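Note: the block below is input_21.txt and it holds compact mmCIF, C-alpha atoms.
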```
# COMPACT_ATOMS: atom_id res chain seq x y z
CA MET G 585 1.72 12.59 -4.94
CA ILE G 586 0.62 9.37 -6.70
CA ARG G 587 -0.18 7.77 -3.34
CA GLN G 588 -2.44 10.72 -2.50
CA LEU G 589 -4.31 10.59 -5.81
CA LEU G 590 -4.89 6.85 -6.20
CA PRO G 591 -7.81 6.68 -3.72
CA VAL G 592 -9.66 9.47 -5.56
CA SER G 593 -8.49 8.89 -9.16
CA ALA G 594 -11.81 7.33 -10.20
CA LEU G 595 -13.73 10.30 -8.80
CA LEU G 596 -11.45 12.78 -10.57
CA PHE G 597 -11.90 10.86 -13.83
CA GLY G 598 -15.68 10.85 -13.43
CA SER G 599 -15.67 14.59 -12.71
CA ALA G 600 -13.50 15.23 -15.79
CA LEU G 601 -15.97 13.34 -17.98
CA LEU G 602 -18.86 15.31 -16.48
CA LEU G 603 -17.15 18.65 -17.19
CA PHE G 604 -16.08 17.54 -20.68
CA ALA G 605 -19.69 16.71 -21.57
CA GLY G 606 -20.84 19.93 -19.93
CA GLY G 607 -18.40 21.91 -22.08
CA ILE G 608 -19.83 20.34 -25.24
CA HIS G 609 -23.41 20.85 -24.07
CA GLY G 610 -22.93 24.47 -23.07
CA LEU G 611 -21.40 25.48 -26.39
CA ILE G 612 -23.34 23.38 -28.89
CA LEU G 613 -26.72 24.82 -27.84
CA PRO G 614 -26.10 28.53 -28.57
CA LEU G 615 -24.22 27.70 -31.77
CA ARG G 616 -26.89 25.36 -33.09
CA GLY G 617 -29.66 27.65 -31.84
CA ALA G 618 -28.18 30.62 -33.69
CA GLN G 619 -27.84 28.49 -36.81
CA GLU G 620 -31.52 27.49 -36.52
CA GLY G 621 -32.56 31.15 -36.29
CA PHE G 622 -33.32 31.41 -32.56
CA GLY G 623 -33.54 35.03 -31.44
CA ALA G 624 -30.99 36.46 -29.00
CA THR G 625 -33.62 36.60 -26.26
CA SER G 626 -34.34 32.88 -26.64
CA LEU G 627 -30.63 32.09 -26.62
CA GLY G 628 -30.24 34.14 -23.46
CA LEU G 629 -33.10 32.24 -21.86
CA LEU G 630 -31.10 29.04 -22.34
CA GLY G 631 -28.64 30.45 -19.81
CA THR G 632 -31.45 31.57 -17.55
CA GLY G 633 -32.97 28.08 -17.67
CA TRP G 634 -29.64 26.48 -16.82
CA ALA G 635 -29.14 28.83 -13.86
CA VAL G 636 -32.64 28.13 -12.52
CA GLY G 637 -31.92 24.40 -12.63
CA TYR G 638 -28.47 24.90 -11.09
CA VAL G 639 -29.82 26.87 -8.12
CA ALA G 640 -32.63 24.34 -7.63
CA GLY G 641 -30.10 21.50 -7.78
CA CYS G 642 -27.91 23.06 -5.09
CA TYR G 643 -30.98 23.32 -2.86
CA PHE G 644 -32.82 20.03 -3.50
CA VAL G 645 -30.14 17.46 -4.38
CA PRO G 646 -28.91 17.07 -0.75
CA ARG G 647 -32.44 15.88 0.11
CA ILE G 648 -32.49 13.44 -2.82
CA VAL G 649 -29.11 12.00 -1.82
CA GLY G 650 -30.32 11.68 1.76
CA SER G 651 -33.21 9.52 0.52
CA VAL G 652 -31.58 7.24 -2.06
CA GLY G 653 -27.83 7.52 -1.50
CA HIS G 654 -24.89 8.95 -3.43
CA ILE G 655 -24.41 6.28 -6.09
CA ARG G 656 -28.05 6.05 -7.16
CA ALA G 657 -28.48 9.83 -7.15
CA PHE G 658 -25.32 10.33 -9.22
CA GLY G 659 -26.50 7.75 -11.75
CA VAL G 660 -29.86 9.51 -12.06
CA MET G 661 -28.15 12.90 -12.59
CA CYS G 662 -25.89 11.59 -15.35
CA ALA G 663 -28.74 9.69 -17.01
CA PHE G 664 -31.06 12.71 -17.09
CA ALA G 665 -28.24 14.95 -18.35
CA ALA G 666 -27.70 12.49 -21.22
CA VAL G 667 -31.43 12.35 -21.93
CA SER G 668 -31.67 16.15 -21.97
CA ILE G 669 -28.98 16.64 -24.61
CA LEU G 670 -30.46 13.86 -26.77
CA LEU G 671 -33.95 15.38 -26.52
CA GLN G 672 -32.55 18.72 -27.62
CA ALA G 673 -31.04 17.03 -30.68
CA LEU G 674 -34.34 15.36 -31.54
CA LEU G 675 -36.58 18.40 -31.12
CA VAL G 676 -34.95 21.67 -32.15
CA SER G 677 -37.19 24.33 -30.67
CA ALA G 678 -36.37 27.25 -28.37
CA GLU G 679 -39.57 26.71 -26.37
CA PHE G 680 -38.55 23.12 -25.75
CA TRP G 681 -34.83 23.68 -25.22
CA ILE G 682 -35.21 26.25 -22.41
CA PRO G 683 -36.98 24.02 -19.82
CA VAL G 684 -34.85 21.02 -20.83
CA ARG G 685 -31.75 23.16 -20.25
CA ALA G 686 -33.03 23.74 -16.71
CA VAL G 687 -33.06 19.97 -16.23
CA SER G 688 -29.42 19.74 -17.32
CA GLY G 689 -28.49 22.58 -14.93
CA PHE G 690 -30.15 20.70 -12.08
CA CYS G 691 -28.34 17.49 -13.01
CA PHE G 692 -24.95 19.19 -13.35
CA ALA G 693 -25.23 20.82 -9.92
CA GLY G 694 -26.33 17.55 -8.35
CA ALA G 695 -23.64 15.39 -9.97
CA ALA G 696 -20.88 17.88 -9.10
CA MET G 697 -22.04 18.07 -5.47
CA ILE G 698 -21.98 14.28 -5.12
CA VAL G 699 -18.45 13.98 -6.56
CA GLU G 700 -17.20 16.79 -4.33
CA SER G 701 -18.81 15.22 -1.27
CA TRP G 702 -17.00 11.98 -2.05
CA LEU G 703 -13.69 13.78 -2.54
CA SER G 704 -14.11 15.66 0.73
CA ASP G 705 -14.83 12.40 2.55
CA ARG G 706 -11.87 10.53 1.02
CA ALA G 707 -9.35 13.35 1.56
CA SER G 708 -7.29 13.40 4.73
CA PRO G 709 -6.26 16.68 6.41
CA GLN G 710 -2.78 16.23 4.92
CA THR G 711 -3.96 15.61 1.33
CA ARG G 712 -7.00 17.88 1.14
CA GLY G 713 -5.15 20.89 -0.27
CA THR G 714 -3.46 18.82 -2.99
CA ILE G 715 -6.70 17.08 -3.95
CA PHE G 716 -8.67 20.34 -4.13
CA GLY G 717 -6.01 21.95 -6.33
CA ILE G 718 -5.81 18.98 -8.71
CA TYR G 719 -9.60 18.70 -8.81
CA THR G 720 -9.81 22.35 -9.87
CA MET G 721 -7.16 21.93 -12.58
CA VAL G 722 -8.71 18.72 -13.92
CA ASN G 723 -12.13 20.35 -14.22
CA LEU G 724 -10.77 23.45 -15.95
CA ALA G 725 -8.88 21.30 -18.45
CA ALA G 726 -11.89 19.06 -19.08
CA MET G 727 -14.30 21.98 -19.55
CA THR G 728 -11.90 23.67 -21.98
CA ALA G 729 -11.37 20.42 -23.92
CA GLY G 730 -15.12 19.90 -24.20
CA GLN G 731 -15.54 23.35 -25.71
CA MET G 732 -12.58 23.00 -28.06
CA VAL G 733 -13.77 19.65 -29.45
CA ILE G 734 -16.62 21.55 -31.13
CA ALA G 735 -14.04 22.89 -33.59
CA LEU G 736 -13.50 19.37 -34.98
CA GLY G 737 -16.83 19.13 -36.79
CA SER G 738 -20.06 20.82 -37.76
CA VAL G 739 -22.74 21.93 -35.28
CA ALA G 740 -25.46 21.22 -37.85
CA GLY G 741 -25.72 17.50 -37.30
CA PHE G 742 -26.40 15.03 -34.51
CA MET G 743 -22.77 14.10 -33.75
CA PHE G 744 -21.89 16.47 -30.89
CA PHE G 745 -25.20 15.89 -29.15
CA ALA G 746 -24.50 12.15 -29.28
CA VAL G 747 -20.91 12.56 -28.08
CA GLY G 748 -22.10 14.69 -25.17
CA ALA G 749 -24.69 12.07 -24.19
CA ILE G 750 -22.13 9.24 -24.40
CA VAL G 751 -19.69 11.08 -22.15
CA TYR G 752 -22.43 11.97 -19.63
CA ILE G 753 -23.23 8.25 -19.37
CA LEU G 754 -19.55 7.27 -19.09
CA ALA G 755 -19.21 9.74 -16.21
CA LEU G 756 -21.37 7.55 -13.97
CA VAL G 757 -19.18 4.45 -14.43
CA PRO G 758 -16.36 5.32 -11.97
CA THR G 759 -18.76 5.97 -9.09
CA ALA G 760 -21.02 3.04 -10.00
CA LEU G 761 -18.04 0.67 -9.70
CA SER G 762 -16.71 2.29 -6.54
CA THR G 763 -16.40 0.02 -3.51
CA SER G 764 -15.79 2.85 -1.04
CA HIS G 765 -18.14 3.50 1.82
CA THR G 766 -20.97 6.02 1.50
CA PRO G 767 -19.80 9.57 2.27
CA ALA G 768 -21.39 11.88 4.78
CA PRO G 769 -24.60 13.75 3.79
CA LEU G 770 -24.19 16.60 1.32
CA THR G 771 -23.64 20.14 2.48
CA SER G 772 -26.86 22.15 2.49
CA VAL G 773 -26.94 25.94 2.59
CA ASN G 774 -29.75 28.44 2.96
CA LEU G 775 -29.88 31.93 1.52
CA ASN G 776 -29.76 34.21 4.57
CA LEU G 777 -29.61 37.67 3.00
CA PRO G 778 -29.73 39.64 6.30
CA LEU G 779 -26.68 37.70 7.56
CA LEU G 780 -24.83 38.19 4.27
CA TRP G 781 -25.64 41.89 4.18
CA ARG G 782 -24.51 42.48 7.78
CA ASN G 783 -21.34 40.59 7.04
CA SER G 784 -20.42 42.48 3.85
CA PRO G 785 -22.72 44.62 1.67
CA VAL G 786 -19.98 44.83 -0.97
CA ALA G 787 -19.89 41.06 -1.29
CA VAL G 788 -23.66 40.77 -1.77
CA VAL G 789 -23.92 43.52 -4.39
CA ALA G 790 -20.73 42.55 -6.23
CA VAL G 791 -21.46 38.82 -6.39
CA PHE G 792 -24.95 39.50 -7.79
CA LEU G 793 -23.43 41.74 -10.48
CA VAL G 794 -20.73 39.15 -11.22
CA GLY G 795 -23.52 36.60 -11.70
CA ILE G 796 -25.15 38.91 -14.25
CA SER G 797 -21.90 39.61 -16.09
CA ASN G 798 -20.31 36.17 -16.08
CA ALA G 799 -23.48 34.22 -16.89
CA SER G 800 -24.29 36.62 -19.72
CA PHE G 801 -20.87 36.06 -21.24
CA GLY G 802 -20.82 32.31 -20.55
CA THR G 803 -24.17 31.86 -22.29
CA LEU G 804 -23.86 34.26 -25.21
CA ALA G 805 -20.13 34.53 -25.97
CA ALA G 806 -20.43 32.03 -28.83
CA VAL G 807 -23.45 33.92 -30.20
CA TYR G 808 -21.46 37.18 -30.16
CA ALA G 809 -18.46 35.53 -31.86
CA GLY G 810 -20.67 34.01 -34.55
CA GLY G 811 -22.45 37.32 -35.01
CA VAL G 812 -19.22 39.16 -35.84
CA GLY G 813 -18.29 36.51 -38.40
CA LEU G 814 -15.64 34.44 -36.62
CA PRO G 815 -15.15 30.86 -37.87
CA LEU G 816 -16.03 27.85 -35.71
CA THR G 817 -12.48 27.16 -34.52
CA THR G 818 -12.10 30.77 -33.37
CA ILE G 819 -15.51 30.66 -31.69
CA ALA G 820 -14.34 27.66 -29.64
CA LEU G 821 -11.18 29.58 -28.69
CA PHE G 822 -13.26 32.67 -27.90
CA ALA G 823 -15.24 30.63 -25.37
CA SER G 824 -12.27 28.70 -23.92
CA ILE G 825 -9.45 31.24 -23.64
CA PRO G 826 -11.24 33.40 -21.01
CA ILE G 827 -11.56 30.42 -18.64
CA LEU G 828 -7.85 29.64 -18.86
CA ALA G 829 -6.91 33.32 -18.59
CA GLY G 830 -9.14 33.65 -15.53
CA ALA G 831 -7.46 30.67 -13.85
CA ALA G 832 -3.99 32.10 -14.57
CA SER G 833 -4.83 35.62 -13.40
CA GLN G 834 -6.02 34.39 -10.00
CA VAL G 835 -2.40 33.75 -8.94
CA PRO G 836 -1.17 37.38 -9.11
CA ILE G 837 -4.56 38.79 -8.13
CA GLY G 838 -4.71 36.48 -5.11
CA PHE G 839 -1.19 37.57 -4.13
CA LEU G 840 -2.27 41.22 -4.22
CA SER G 841 -5.54 40.68 -2.40
CA ASP G 842 -3.76 38.93 0.50
CA ARG G 843 -1.56 42.01 0.96
CA MET G 844 -3.90 44.97 0.49
CA ASP G 845 -7.57 45.91 0.81
CA ARG G 846 -9.37 43.26 -1.24
CA ARG G 847 -11.99 45.82 -2.26
CA LYS G 848 -9.32 47.85 -4.07
CA VAL G 849 -8.20 44.71 -5.90
CA LEU G 850 -11.86 44.08 -6.76
CA VAL G 851 -12.12 47.58 -8.22
CA GLY G 852 -8.91 47.03 -10.21
CA ALA G 853 -10.12 43.73 -11.69
CA ALA G 854 -13.52 45.24 -12.50
CA ALA G 855 -11.74 48.19 -14.15
CA LEU G 856 -9.76 45.77 -16.35
CA ALA G 857 -13.03 44.09 -17.32
CA LEU G 858 -14.47 47.53 -18.08
CA VAL G 859 -11.55 48.35 -20.38
CA ALA G 860 -12.19 45.12 -22.27
CA ASP G 861 -15.93 45.92 -22.40
CA LEU G 862 -15.16 49.31 -23.95
CA GLY G 863 -12.71 47.70 -26.37
CA PHE G 864 -15.44 45.43 -27.73
CA ILE G 865 -17.92 48.30 -27.99
CA ILE G 866 -15.66 51.06 -29.34
CA LEU G 867 -13.42 49.00 -31.63
CA ALA G 868 -16.20 46.61 -32.72
CA PRO G 869 -13.47 44.17 -33.85
CA GLN G 870 -14.15 41.78 -36.70
CA ASP G 871 -10.73 40.12 -36.94
CA ARG G 872 -9.62 37.00 -35.08
CA MET G 873 -6.59 38.36 -33.21
CA THR G 874 -8.19 41.50 -31.75
CA ASN G 875 -11.18 39.55 -30.51
CA LEU G 876 -9.00 36.91 -28.86
CA ILE G 877 -6.75 39.48 -27.17
CA LEU G 878 -9.72 41.41 -25.81
CA VAL G 879 -11.52 38.28 -24.63
CA ALA G 880 -8.37 37.02 -22.88
CA ALA G 881 -8.16 40.28 -20.91
CA PHE G 882 -11.88 40.12 -20.25
CA GLY G 883 -11.67 36.54 -18.94
CA ALA G 884 -8.62 37.29 -16.80
CA ALA G 885 -10.67 39.97 -15.07
CA ILE G 886 -14.17 38.53 -14.75
CA TYR G 887 -13.18 35.04 -13.58
CA ALA G 888 -11.02 36.51 -10.81
CA LEU G 889 -13.83 38.63 -9.37
CA TYR G 890 -15.75 35.84 -7.63
CA PRO G 891 -12.86 34.47 -5.51
CA ILE G 892 -11.91 38.02 -4.45
CA ILE G 893 -15.47 38.60 -3.26
CA VAL G 894 -15.64 35.31 -1.35
CA ALA G 895 -12.26 35.95 0.31
CA HIS G 896 -13.38 39.46 1.32
CA ALA G 897 -16.66 38.16 2.77
CA ASN G 898 -14.86 35.46 4.74
CA ASP G 899 -12.50 38.06 6.20
CA HIS G 900 -15.56 39.54 7.94
CA ALA G 901 -17.35 36.26 8.67
CA PRO G 902 -17.69 35.23 12.34
CA GLU G 903 -15.83 32.06 13.27
CA GLY G 904 -17.62 28.93 12.16
CA THR G 905 -19.81 30.63 9.53
CA SER G 906 -17.53 30.58 6.49
CA ILE G 907 -19.41 27.74 4.75
CA GLN G 908 -22.74 29.45 5.37
CA VAL G 909 -21.41 32.80 4.08
CA SER G 910 -19.65 31.33 1.01
CA GLY G 911 -22.62 29.08 0.21
CA GLY G 912 -25.04 31.98 0.55
CA LEU G 913 -22.95 34.10 -1.81
CA LEU G 914 -23.01 31.25 -4.30
CA MET G 915 -26.81 31.34 -4.19
CA VAL G 916 -26.78 35.13 -4.76
CA PHE G 917 -24.45 34.54 -7.70
CA GLY G 918 -26.98 32.01 -8.99
CA ILE G 919 -29.78 34.57 -8.81
CA GLY G 920 -27.64 37.00 -10.81
CA SER G 921 -26.97 34.20 -13.29
CA ILE G 922 -30.71 33.80 -13.80
CA ALA G 923 -31.19 37.50 -14.60
CA GLY G 924 -28.02 38.13 -16.62
CA PRO G 925 -28.53 36.02 -19.77
CA LEU G 926 -32.13 37.24 -20.09
CA VAL G 927 -31.07 40.90 -19.89
CA ALA G 928 -28.14 40.35 -22.24
CA GLY G 929 -30.34 38.48 -24.72
CA LEU G 930 -32.80 41.36 -24.76
CA MET G 931 -29.97 43.86 -25.27
CA MET G 932 -28.57 41.82 -28.16
CA SER G 933 -32.04 41.74 -29.74
CA LEU G 934 -32.12 45.55 -29.59
CA ALA G 935 -28.47 46.49 -30.24
CA GLY G 936 -26.97 43.52 -32.05
CA SER G 937 -23.93 41.54 -30.92
CA GLN G 938 -22.51 44.44 -28.92
CA GLY G 939 -25.55 44.30 -26.64
CA LEU G 940 -23.72 41.54 -24.74
CA PHE G 941 -20.96 43.90 -23.66
CA MET G 942 -23.40 46.72 -23.01
CA THR G 943 -24.86 44.45 -20.35
CA THR G 944 -21.49 43.54 -18.83
CA ILE G 945 -20.29 47.16 -18.89
CA ALA G 946 -23.33 48.24 -16.85
CA ALA G 947 -22.64 45.51 -14.27
CA HIS G 948 -18.97 46.46 -13.96
CA VAL G 949 -19.63 50.21 -13.69
CA VAL G 950 -22.15 49.70 -10.87
CA MET G 951 -19.75 47.32 -9.13
CA ILE G 952 -16.89 49.83 -9.25
CA ILE G 953 -18.99 52.77 -8.06
CA TYR G 954 -20.58 50.87 -5.16
CA THR G 955 -17.30 49.31 -4.02
CA LEU G 956 -15.52 52.68 -4.04
CA TRP G 957 -18.35 54.14 -1.94
CA ARG G 958 -18.09 51.27 0.56
CA ILE G 959 -14.30 51.75 0.82
CA MET G 960 -15.02 55.24 2.12
CA GLN G 961 -17.59 53.91 4.62
CA ARG G 962 -15.72 51.00 6.22
CA ALA G 963 -12.08 50.39 7.07
CA ALA G 964 -10.19 47.51 5.53
CA VAL G 965 -9.61 44.28 7.46
CA PRO G 966 -6.13 44.28 9.05
CA GLU G 967 -3.72 42.06 7.14
CA ASN G 968 -3.08 39.77 10.12
CA GLU G 969 -6.83 39.02 10.38
CA LYS G 970 -7.31 38.03 6.76
CA GLY G 971 -7.98 34.52 5.53
CA SER G 972 -6.28 33.16 2.44
CA PHE G 973 -7.32 33.68 -1.18
CA LYS G 974 -8.29 30.42 -2.92
CA ILE G 975 -8.07 29.76 -6.65
CA THR G 976 -11.45 28.51 -7.83
CA MET G 977 -13.23 27.41 -10.96
CA PRO G 978 -15.66 29.82 -12.59
CA ALA G 979 -18.52 30.12 -10.09
CA ARG G 980 -20.98 28.45 -12.49
CA GLY G 981 -18.97 25.28 -11.95
CA SER G 982 -19.04 25.59 -8.15
CA THR G 983 -21.53 24.19 -5.66
CA PRO G 984 -21.96 24.31 -1.87
CA GLU G 985 -19.86 21.13 -1.74
CA THR G 986 -17.01 22.99 -3.49
CA VAL G 987 -17.23 25.53 -0.69
CA ALA G 988 -17.12 22.78 1.93
CA LEU G 989 -14.17 21.07 0.23
CA SER G 990 -12.11 24.27 0.03
CA ASP G 991 -13.14 25.32 3.55
CA GLY G 992 -12.00 21.94 4.80
CA GLU G 993 -8.64 22.67 3.21
CA GLU G 994 -8.34 25.77 5.38
CA GLU G 995 -9.41 23.81 8.46
CA ALA G 996 -6.71 21.25 7.71
CA GLU G 997 -4.10 24.00 7.53
CA GLU G 998 -5.29 25.40 10.85
CA LEU G 999 -5.13 21.89 12.37
CA GLU G 1000 -1.59 21.43 11.11
CA GLU G 1001 -0.56 24.82 12.57
CA ALA G 1002 -2.13 23.89 15.89
CA MET G 1003 -0.27 20.54 15.92
CA ASP G 1004 3.01 22.31 15.13
CA ALA G 1005 2.38 24.75 17.98
CA GLU G 1006 1.60 21.85 20.34
CA ASP G 1007 4.82 20.05 19.33
CA ALA G 1008 6.81 23.23 19.90
CA ALA G 1009 5.25 23.67 23.34
CA GLU G 1010 6.11 20.06 24.27
CA GLU G 1011 9.72 20.54 23.15
CA ALA G 1012 9.98 23.74 25.20
CA ALA G 1013 8.56 21.96 28.25
CA GLN G 1014 11.06 19.12 27.86
CA ALA G 1015 13.89 21.61 27.56
CA ARG G 1016 12.83 23.36 30.80
CA SER G 1017 12.54 20.00 32.54
CA THR G 1018 16.06 19.05 31.48
CA LYS G 1019 17.48 22.31 32.81
CA THR G 1020 15.85 21.87 36.25
CA ASP G 1021 16.61 18.11 36.61
CA PRO G 1022 19.03 17.77 39.62
CA THR G 1023 20.60 14.63 38.17
CA GLU G 1024 22.08 16.60 35.30
```
So, in terms of structure tokens, how does the structure I just supplied come out?
Amino acid sequence: MIRQLLPVSALLFGSALLLFAGGIHGLILPLRGAQEGFGATSLGLLGTGWAVGYVAGCYFVPRIVGSVGHIRAFGVMCAFAAVSILLQALLVSAEFWIPVRAVSGFCFAGAAMIVESWLSDRASPQTRGTIFGIYTMVNLAAMTAGQMVIALGSVAGFMFFAVGAIVYILALVPTALSTSHTPAPLTSVNLNLPLLWRNSPVAVVAVFLVGISNASFGTLAAVYAGGVGLPLTTIALFASIPILAGAASQVPIGFLSDRMDRRKVLVGAAALALVADLGFIILAPQDRMTNLILVAAFGAAIYALYPIIVAHANDHAPEGTSIQVSGGLLMVFGIGSIAGPLVAGLMMSLAGSQGLFMTTIAAHVVMIIYTLWRIMQRAAVPENEKGSFKITMPARGSTPETVALSDGEEEAEELEEAMDAEDAAEEAAQARSTKTDPTE
């Protein structure tokens, strides 16, 4: 294990620093914005701005890297991310924060793609699965730690903005000191909606709705928690627990989806999210424990939806198109992420804190109804023709390079199976030769 990780340890450390800073940045803005009196619509637009930058980064950064190289591009991304959080500390204004947040979304997407490209290049077929799994766990832990560190101080001052900037800058050090060769060009994907729709209408509709729901919650969860009177430590838990619950729930949900119609598992997970939605709306909890229990169930459901959808779409994808299909779905998710926080912000302006879950409940109801209708229209993929379910980070932390890295893991498994089959065939041939050898 250690031998496998040593060649990529610097990259994993750099990625952890990037996600740690991103966790601070993503939580400090809505908390400080709410404290400064920003309206819910403006706070929602912070998420919309980030998603616009993220989608643009996934599209344009491969071209930038092709022009200046991985190391220089990564340094620029980290530097501009640090500048963006410092500018937001210096000038506290919703009108200023929203476009600057788009810059940080662009930089995050670009930096993550470069790290993942490097990891993909350094991983061998035998180590790719291990590296992808550890990379996912490291990023989840770093993102959660970045959010939880907010509980150690006050959001009113300059401190957390400065800490975020420092860590963004530190994130560029491991790659800047790397002596490894330049990786292959970054993976570039185009949004081909006709192809995605022919492949799986359920996947297109559901991933757009997941983008709306998950981005709404990811942007405004802290605003909701502050609005119902939870203290800062609980707000940090309220934002972090769903991510960890979502990672844990993917194990049993993945097991089920590999053994039955994935669309039925999708409906079940969306139904669990719907129950949590209704719990927040009907109970309107004010106490710490009820909110944390409901948000854990909510996170376990919503952060498992995206990998189910991708696995279902890849079950239908023609051979050799899985990266194009998965990357295209990621772009559709990004479009939903642009719309979701804006809609949820408007709903919270009209209905108060519960407007957040009114938005997510609408997304989950439509998802359930449409998926049930499609189940009646199209037969399930036979179990022996299914691909494998992959545990992933929340989709807002994924890029086309994540898709390529995880797809490469599957290719490595297929290569290993093919080599095993070839070895077995050679052994069988030798056995037949021995039996027919007249000297025996």
### Task
State, in Å with one decimal place, the distance from atom CA of Lys970 of chain G to atom CA of Val794 of chain G.
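One can read the atom CA of Lys970 of chain G to atom CA of Val794 of chain G distance as 22.5 Å.
Remark: for Ala618 of chain G, the closest of the candidate residues G:Asn898, G:Ser677, G:Asn776, G:Ser841 is G:Ser677 (distances computed over all atoms listed in the file).
Rounded to one decimal, atom CA of Ile893 of chain G and atom CA of Leu703 of chain G lie 24.9 Å from each other.
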### Å distance separating atom CA of Val859 of chain G from atom CA of Ile877 of chain G, one decimal place
12.2 Å
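Near Leu814 of chain G, within 10 Å and counting all atoms listed in the file, sit G:Ala806, G:Tyr808, G:Ala809, G:Ile819, G:Ala820, G:Phe822, G:Gln870, G:Asp871, G:Arg872, G:Asn875, not including residues fewer than 5 positions from it in the same chain.
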### Task
Kindly indicate which residue among G:Ala640, G:Ile886, G:Ala868, G:Ala726 lies nearest to Phe690 of chain G, using only C-alpha atoms for the distances.
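Residue with the minimum atom-to-atom distance to Phe690 of chain G: G:Ala640.
Shortest atom-to-atom contact with Ala888 of chain G among G:Leu858, G:Leu850, G:Ala605, G:Leu867: G:Leu850, counting all atoms listed in the file.
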### Message
Please list as a PyMOL selection string every residue within 9 Å of Val722 of chain G, counting only C-alpha atoms and excluding residues in the same chain fewer than 6 positions away.
### Response
chain G and resi 596-597+599-600
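Among G:Tyr890, G:Tyr638, G:Phe604, G:Phe864, the residue with the shortest atom-to-atom distance to Val733 of chain G, counting all atoms listed in the file, is G:Phe604.
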